[in-house]
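**Student:** Please read through the structure below; I'll follow up with questions.
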Amino acid sequence: MSARILVLSGSSGERSRTRSLVEAVEKALIDRNATTTHWDLRNAELPFADARFHDDPGRHPDATVREFSAAAREAHAFVLASPIYHNSFSGLLKNALDHLTIAHFQYKPVALISHGGNRSTQACDQLRVVVRGLGGVAIPTQVCTANVDYRETPEGYVLECEDILARVARLTTELAVFATALSPLRRS
Ligand SMILES: Cc1cc2nc3c(=O)[nH]c(=O)nc-3n(C[C@H](O)[C@H](O)[C@H](O)COP(=O)(O)O)c2cc1C
């Protein structure tokens, strides 16, 4: 069975290295026969999360929230991507996660990736705690990049650092293996 993976990228930047990292991760996942759906939260037009719908976002009056909730429910695994904002992950990503519940994440593996600082792990470290709160399983390998890992082109940034690309390969293999390994727990 091909793993369905929901990818959330949380940069508010127009030209974003986080987004380029996401593209490299998606390509590696597709090479491993996974299918990916990418929600670029800069353009997703999700409203602010509303606690009235916390228990069942499927009842939310906003069609984008309902679509987002359905995509998360159908996913076997997640990739959460964020730039480093104020020593943490971005508010765009937090708002998106606040639309979701434990039912969306329980026993699903989650890969954490980020860009910023000197390959700072701050966003991934904090997301690891958030994922535990959602009942998901943050996989051990994470990918954190710095500006030097990319080449700038007129079209955008290209992830070029060989060490980081090898880490992307490890992360995506791990995510696919965990997605299969955790499926009996999800079924129960
Ligand atoms: C609101 C905001 C807060 C930021 N806070 C930090 C920070 O705490 N530490 C840091 O190293 N860079 C910080 N930055 C810089 C971003 O990490 C950097 O611009 C990064 O390239 C953004 O990723 P992107 O290219 O995917 O948009 C901040 C940028 C913004 C917009």
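Every chain in the structure tokens has a letter given in the order shown (A, B, ...), and although residue numbers restart at 1 in each chain, ligands are simply numbered from 1 in the order shown.
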Using only C-alpha atoms and all ligand atoms, which protein or nucleic acid residues are at most 12 Å from ligand 1, as number ranges by chain?
**Tutor:** A: 9-23, 40-42, 81-92, 113-123, 144-150, 152, 156-159
**Student:** Could those residues be written to a file, using N, CA and C atoms, as a compact mmCIF listing (two decimals), in the first residue's frame?
**Tutor:**
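The resulting again-v7.txt:
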```
# COMPACT_ATOMS: atom_id res chain seq x y z
N SER A 9 3.66 23.18 5.24
CA SER A 9 4.82 24.07 5.32
C SER A 9 4.38 25.43 5.83
N GLY A 10 5.14 25.94 6.80
CA GLY A 10 4.67 27.07 7.61
C GLY A 10 5.44 28.36 7.42
N SER A 11 6.09 28.57 6.27
CA SER A 11 6.77 29.85 6.09
C SER A 11 5.80 30.91 5.58
N SER A 12 5.94 32.13 6.11
CA SER A 12 5.14 33.24 5.58
C SER A 12 5.91 33.99 4.48
N GLY A 13 7.10 33.49 4.14
CA GLY A 13 7.92 34.16 3.13
C GLY A 13 7.49 33.83 1.71
N GLU A 14 7.65 34.81 0.82
CA GLU A 14 7.29 34.57 -0.58
C GLU A 14 8.31 33.63 -1.23
N ARG A 15 9.60 33.97 -1.02
CA ARG A 15 10.67 33.04 -1.45
C ARG A 15 11.16 32.37 -0.18
N SER A 16 11.04 31.06 -0.13
CA SER A 16 11.25 30.38 1.15
C SER A 16 12.16 29.18 1.01
N ARG A 17 13.20 29.14 1.83
CA ARG A 17 14.06 27.95 1.83
C ARG A 17 13.32 26.76 2.47
N THR A 18 12.45 27.03 3.43
CA THR A 18 11.66 25.94 4.02
C THR A 18 10.87 25.23 2.93
N ARG A 19 10.27 26.03 2.02
CA ARG A 19 9.47 25.45 0.94
C ARG A 19 10.35 24.61 0.01
N SER A 20 11.59 25.06 -0.22
CA SER A 20 12.51 24.29 -1.08
C SER A 20 12.89 22.99 -0.40
N LEU A 21 13.07 23.03 0.93
CA LEU A 21 13.35 21.80 1.68
C LEU A 21 12.16 20.84 1.56
N VAL A 22 10.96 21.39 1.67
CA VAL A 22 9.74 20.57 1.52
C VAL A 22 9.73 19.90 0.15
N GLU A 23 10.08 20.66 -0.88
CA GLU A 23 10.06 20.08 -2.24
C GLU A 23 11.04 18.91 -2.34
N ASP A 40 0.61 24.50 1.58
CA ASP A 40 1.50 25.63 1.84
C ASP A 40 0.68 26.65 2.63
N LEU A 41 0.95 26.78 3.90
CA LEU A 41 0.05 27.53 4.79
C LEU A 41 0.06 29.03 4.52
N ARG A 42 1.08 29.51 3.77
CA ARG A 42 1.07 30.93 3.38
C ARG A 42 -0.12 31.23 2.47
N ALA A 81 6.82 21.25 8.45
CA ALA A 81 7.99 22.05 8.06
C ALA A 81 7.81 23.49 8.52
N SER A 82 8.86 24.04 9.12
CA SER A 82 8.74 25.42 9.60
C SER A 82 10.08 26.15 9.51
N PRO A 83 10.03 27.45 9.25
CA PRO A 83 11.22 28.26 9.48
C PRO A 83 11.38 28.49 10.98
N ILE A 84 12.56 28.95 11.37
CA ILE A 84 12.77 29.36 12.77
C ILE A 84 12.22 30.78 12.92
N TYR A 85 11.19 30.92 13.71
CA TYR A 85 10.65 32.24 14.04
C TYR A 85 10.73 32.41 15.56
N HIS A 86 11.44 33.43 16.01
CA HIS A 86 11.55 33.72 17.44
C HIS A 86 11.87 32.46 18.25
N ASN A 87 12.92 31.79 17.83
CA ASN A 87 13.41 30.58 18.52
C ASN A 87 12.39 29.45 18.57
N SER A 88 11.48 29.42 17.62
CA SER A 88 10.43 28.39 17.66
C SER A 88 9.94 28.12 16.24
N PHE A 89 8.78 27.43 16.14
CA PHE A 89 8.16 27.23 14.83
C PHE A 89 7.15 28.35 14.58
N SER A 90 6.66 28.43 13.35
CA SER A 90 5.88 29.62 12.98
C SER A 90 4.44 29.57 13.49
N GLY A 91 3.86 30.74 13.66
CA GLY A 91 2.46 30.84 14.05
C GLY A 91 1.52 30.26 13.00
N LEU A 92 1.89 30.37 11.73
CA LEU A 92 1.05 29.77 10.67
C LEU A 92 0.88 28.27 10.90
N ILE A 113 10.89 18.94 9.97
CA ILE A 113 11.98 19.58 9.21
C ILE A 113 11.88 21.09 9.39
N SER A 114 13.03 21.75 9.35
CA SER A 114 12.99 23.21 9.54
C SER A 114 14.17 23.87 8.86
N HIS A 115 14.02 25.18 8.68
CA HIS A 115 15.11 25.99 8.13
C HIS A 115 15.31 27.24 8.97
N GLY A 116 16.57 27.55 9.24
CA GLY A 116 16.86 28.83 9.88
C GLY A 116 18.02 28.74 10.85
N GLY A 117 18.60 29.92 11.14
CA GLY A 117 19.75 29.98 12.05
C GLY A 117 20.88 29.13 11.51
N ASN A 118 21.70 28.62 12.41
CA ASN A 118 22.80 27.76 12.00
C ASN A 118 22.36 26.29 12.14
N ARG A 119 21.41 25.91 11.27
CA ARG A 119 20.74 24.60 11.36
C ARG A 119 20.13 24.42 12.76
N SER A 120 19.47 25.45 13.21
CA SER A 120 18.85 25.42 14.54
C SER A 120 17.83 24.29 14.66
N THR A 121 17.83 23.61 15.79
CA THR A 121 16.85 22.54 16.03
C THR A 121 15.65 23.05 16.84
N GLN A 122 15.59 24.37 17.09
CA GLN A 122 14.56 24.88 18.02
C GLN A 122 13.14 24.55 17.56
N ALA A 123 12.84 24.75 16.26
CA ALA A 123 11.48 24.49 15.79
C ALA A 123 11.15 23.00 15.93
N CYS A 144 17.34 19.84 9.66
CA CYS A 144 17.39 21.28 9.94
C CYS A 144 18.46 21.89 9.04
N THR A 145 18.10 22.94 8.32
CA THR A 145 19.03 23.50 7.34
C THR A 145 19.40 24.94 7.66
N ALA A 146 20.51 25.38 7.03
CA ALA A 146 20.97 26.77 7.12
C ALA A 146 21.07 27.33 5.69
N ASN A 147 21.23 28.63 5.57
CA ASN A 147 21.28 29.26 4.24
C ASN A 147 22.34 28.63 3.34
N VAL A 148 23.49 28.26 3.92
CA VAL A 148 24.59 27.74 3.10
C VAL A 148 24.24 26.41 2.42
N ASP A 149 23.18 25.77 2.85
CA ASP A 149 22.80 24.48 2.26
C ASP A 149 22.08 24.65 0.92
N TYR A 150 21.80 25.89 0.53
CA TYR A 150 21.00 26.15 -0.68
C TYR A 150 21.79 27.00 -1.68
N GLU A 152 21.03 29.85 -4.57
CA GLU A 152 19.94 30.74 -4.98
C GLU A 152 19.93 30.85 -6.50
N GLY A 156 14.30 30.47 -7.49
CA GLY A 156 14.14 30.16 -6.06
C GLY A 156 15.39 29.51 -5.51
N TYR A 157 15.22 28.76 -4.42
CA TYR A 157 16.37 28.13 -3.77
C TYR A 157 16.40 26.64 -4.11
N VAL A 158 17.63 26.13 -4.25
CA VAL A 158 17.78 24.70 -4.53
C VAL A 158 18.64 24.10 -3.42
N LEU A 159 18.11 23.08 -2.77
CA LEU A 159 18.84 22.40 -1.71
C LEU A 159 19.97 21.58 -2.33
```
**Student:** Which parts of segment 35-186 of chain A does DSSP call helix (DSSP H, G or I) when run on the backbone here, written out as a VMD selection string?
**Tutor:** chain A and resid 51 to 53 57 to 59 63 to 74 91 to 98 102 to 105 122 to 133 147 to 149 162 to 181 183 to 186
**Student:** Taking only C-alpha atoms into account, name the residue in A:Asp98, A:Asp31, A:Glu74, A:Glu162 that is nearest to Pro47 of chain A.
**Tutor:**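 Of A:Asp98, A:Asp31, A:Glu74, A:Glu162, the one nearest Pro47 of chain A, counting only C-alpha atoms, is A:Asp98.
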**Student:** Going by DSSP on the backbone, which bits of segment 65-120 of chain A are strand (DSSP E or B)? Write them as a list in words, please.
**Tutor:**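 Here are the strand (DSSP E or B) residues of segment 65-120 of chain A: Ala77, Phe78, Val79, Leu80, Ala81, Ser82, Pro83, Tyr85, Ser88, Pro109, Val110, Ala111, Leu112, Ile113, Ser114 and His115 of chain A.
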**Student:** Nearest to Ala179 of chain A among A:Ile139, A:Ala72, A:Val131, A:Leu165, with distances taken over only C-alpha atoms: which residue is it?
**Tutor:**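 Among the listed residues, A:Ile139 lies closest to Ala179 of chain A.
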**Student:** I'd like the contact shell of Gln106 of chain A - 12 Å cut-off, only C-alpha atoms, skipping same-chain residues fewer than 4 positions apart - returned as a PDB file with C-alpha atoms, in the first residue's frame.
**Tutor:**
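part_17.pdb was written with the following content:
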```
ATOM      1  CA  ALA A  72      -5.393  15.157   7.833  1.00  0.00           C
ATOM      2  CA  ARG A  73      -7.862  12.391   8.680  1.00  0.00           C
ATOM      3  CA  ALA A  75      -3.238  10.850   5.876  1.00  0.00           C
ATOM      4  CA  HIS A  76      -1.160   7.894   7.108  1.00  0.00           C
ATOM      5  CA  ALA A  77       1.726  10.213   8.074  1.00  0.00           C
ATOM      6  CA  PHE A  78       2.708  13.875   8.229  1.00  0.00           C
ATOM      7  CA  LEU A 100      -6.696  19.476  14.261  1.00  0.00           C
ATOM      8  CA  THR A 101      -7.184  16.978  17.083  1.00  0.00           C
ATOM      9  CA  ILE A 102      -5.693  13.813  18.551  1.00  0.00           C
ATOM     10  CA  VAL A 110       5.419  12.663  11.847  1.00  0.00           C
ATOM     11  CA  VAL A 131       3.263  16.047  18.261  1.00  0.00           C
ATOM     12  CA  ARG A 132       3.344  14.027  21.504  1.00  0.00           C
ATOM     13  CA  GLY A 133       0.401  16.112  22.750  1.00  0.00           C
ATOM     14  CA  LEU A 134      -1.492  15.187  19.579  1.00  0.00           C
ATOM     15  CA  GLY A 135      -0.808  11.467  20.044  1.00  0.00           C
ATOM     16  CA  GLY A 136       1.446  11.293  16.971  1.00  0.00           C
ATOM     17  CA  VAL A 137       4.866   9.641  16.790  1.00  0.00           C
ATOM     18  CA  ALA A 138       7.663  12.046  15.846  1.00  0.00           C
ATOM     19  CA  ALA A 179       3.823   4.472   8.457  1.00  0.00           C
ATOM     20  CA  LEU A 182       2.256   1.708  13.066  1.00  0.00           C
ATOM     21  CA  SER A 183      -0.721   0.690  10.907  1.00  0.00           C
ATOM     22  CA  PRO A 184      -1.846  -2.178  13.242  1.00  0.00           C
ATOM     23  CA  LEU A 185      -2.045   0.313  16.129  1.00  0.00           C
ATOM     24  CA  ARG A 186      -4.074   2.734  14.001  1.00  0.00           C
ATOM     25  CA  ARG A 187      -6.495  -0.048  13.039  1.00  0.00           C
ATOM     26  CA  SER A 188      -7.017  -0.965  16.699  1.00  0.00           C
TER      27      SER A 188
END
```
**Student:** For a test of reading the model, state the distance in Å between atom CA of Asn33 of chain A and atom CA of Ala103 of chain A, rounded to one decimal.
**Tutor:**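 Here the two named atoms are 25.4 Å from each other.
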**Student:** For Asp62 of chain A, which of A:Lys94, A:His99, A:Ser2, A:Leu171 is the closest residue, counting only C-alpha atoms?
**Tutor:**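 Counting only C-alpha atoms, the residue closest to Asp62 of chain A is A:His99.
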**Student:** Just want the 10 Å neighbourhood of Ala44 of chain A, counted on only C-alpha atoms, with same-chain residues fewer than 4 positions away dropped. Output as a list in words.
**Tutor:**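 After dropping sequence-adjacent residues, the list is Trp39, Asp40, Thr64, Val65, Phe68, Leu92 and Ala96 of chain A.
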**Student:** Output C-alpha atoms for every residue in the selection just made, as a PDB file, in the first residue's frame.
**Tutor:**
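To be explicit, this is the file written out as out.pdb:
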```
ATOM      1  CA  TRP A  39      -0.565  22.474   2.152  1.00  0.00           C
ATOM      2  CA  ASP A  40       1.503  25.629   1.837  1.00  0.00           C
ATOM      3  CA  THR A  64     -11.179  25.181   3.757  1.00  0.00           C
ATOM      4  CA  VAL A  65     -11.041  23.988   7.380  1.00  0.00           C
ATOM      5  CA  PHE A  68      -7.935  20.471   5.702  1.00  0.00           C
ATOM      6  CA  LEU A  92       1.046  29.767  10.670  1.00  0.00           C
ATOM      7  CA  ALA A  96      -3.028  24.965  11.341  1.00  0.00           C
TER       8      ALA A  96
END
```
**Student:** Calculated over only C-alpha atoms, which of the candidates A:Arg52, A:His104, A:His38, A:Arg128 has the smallest distance to Ser69 of chain A?
**Tutor:**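 Smallest distance to Ser69 of chain A is found for A:His104.
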**Student:** Enter the distance from atom CA of Tyr107 of chain A to atom CA of Asp50 of chain A, in Å, rounded to one decimal.
**Tutor:**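 Separating atom CA of Tyr107 of chain A from atom CA of Asp50 of chain A is a distance of 24.8 Å.
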**Student:** Closest to Ala166 of chain A among A:Val143, A:Leu127, A:Leu97, A:Leu46, using only C-alpha atoms?
**Tutor:** A:Val143
**Student:** What does the structure give for the distance between atom CA of Pro140 of chain A and atom CA of Ala111 of chain A, in Å to one decimal?
**Tutor:**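 Computing it gives 8.3 Å between the two atoms.
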**Student:** In terms of the shortest atom-to-atom distance over only C-alpha atoms, which of A:Asn95, A:Thr36, A:Thr180, A:Thr141 is closest to Phe48 of chain A?
**Tutor:**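 Closest residue, counting only C-alpha atoms: A:Asn95.
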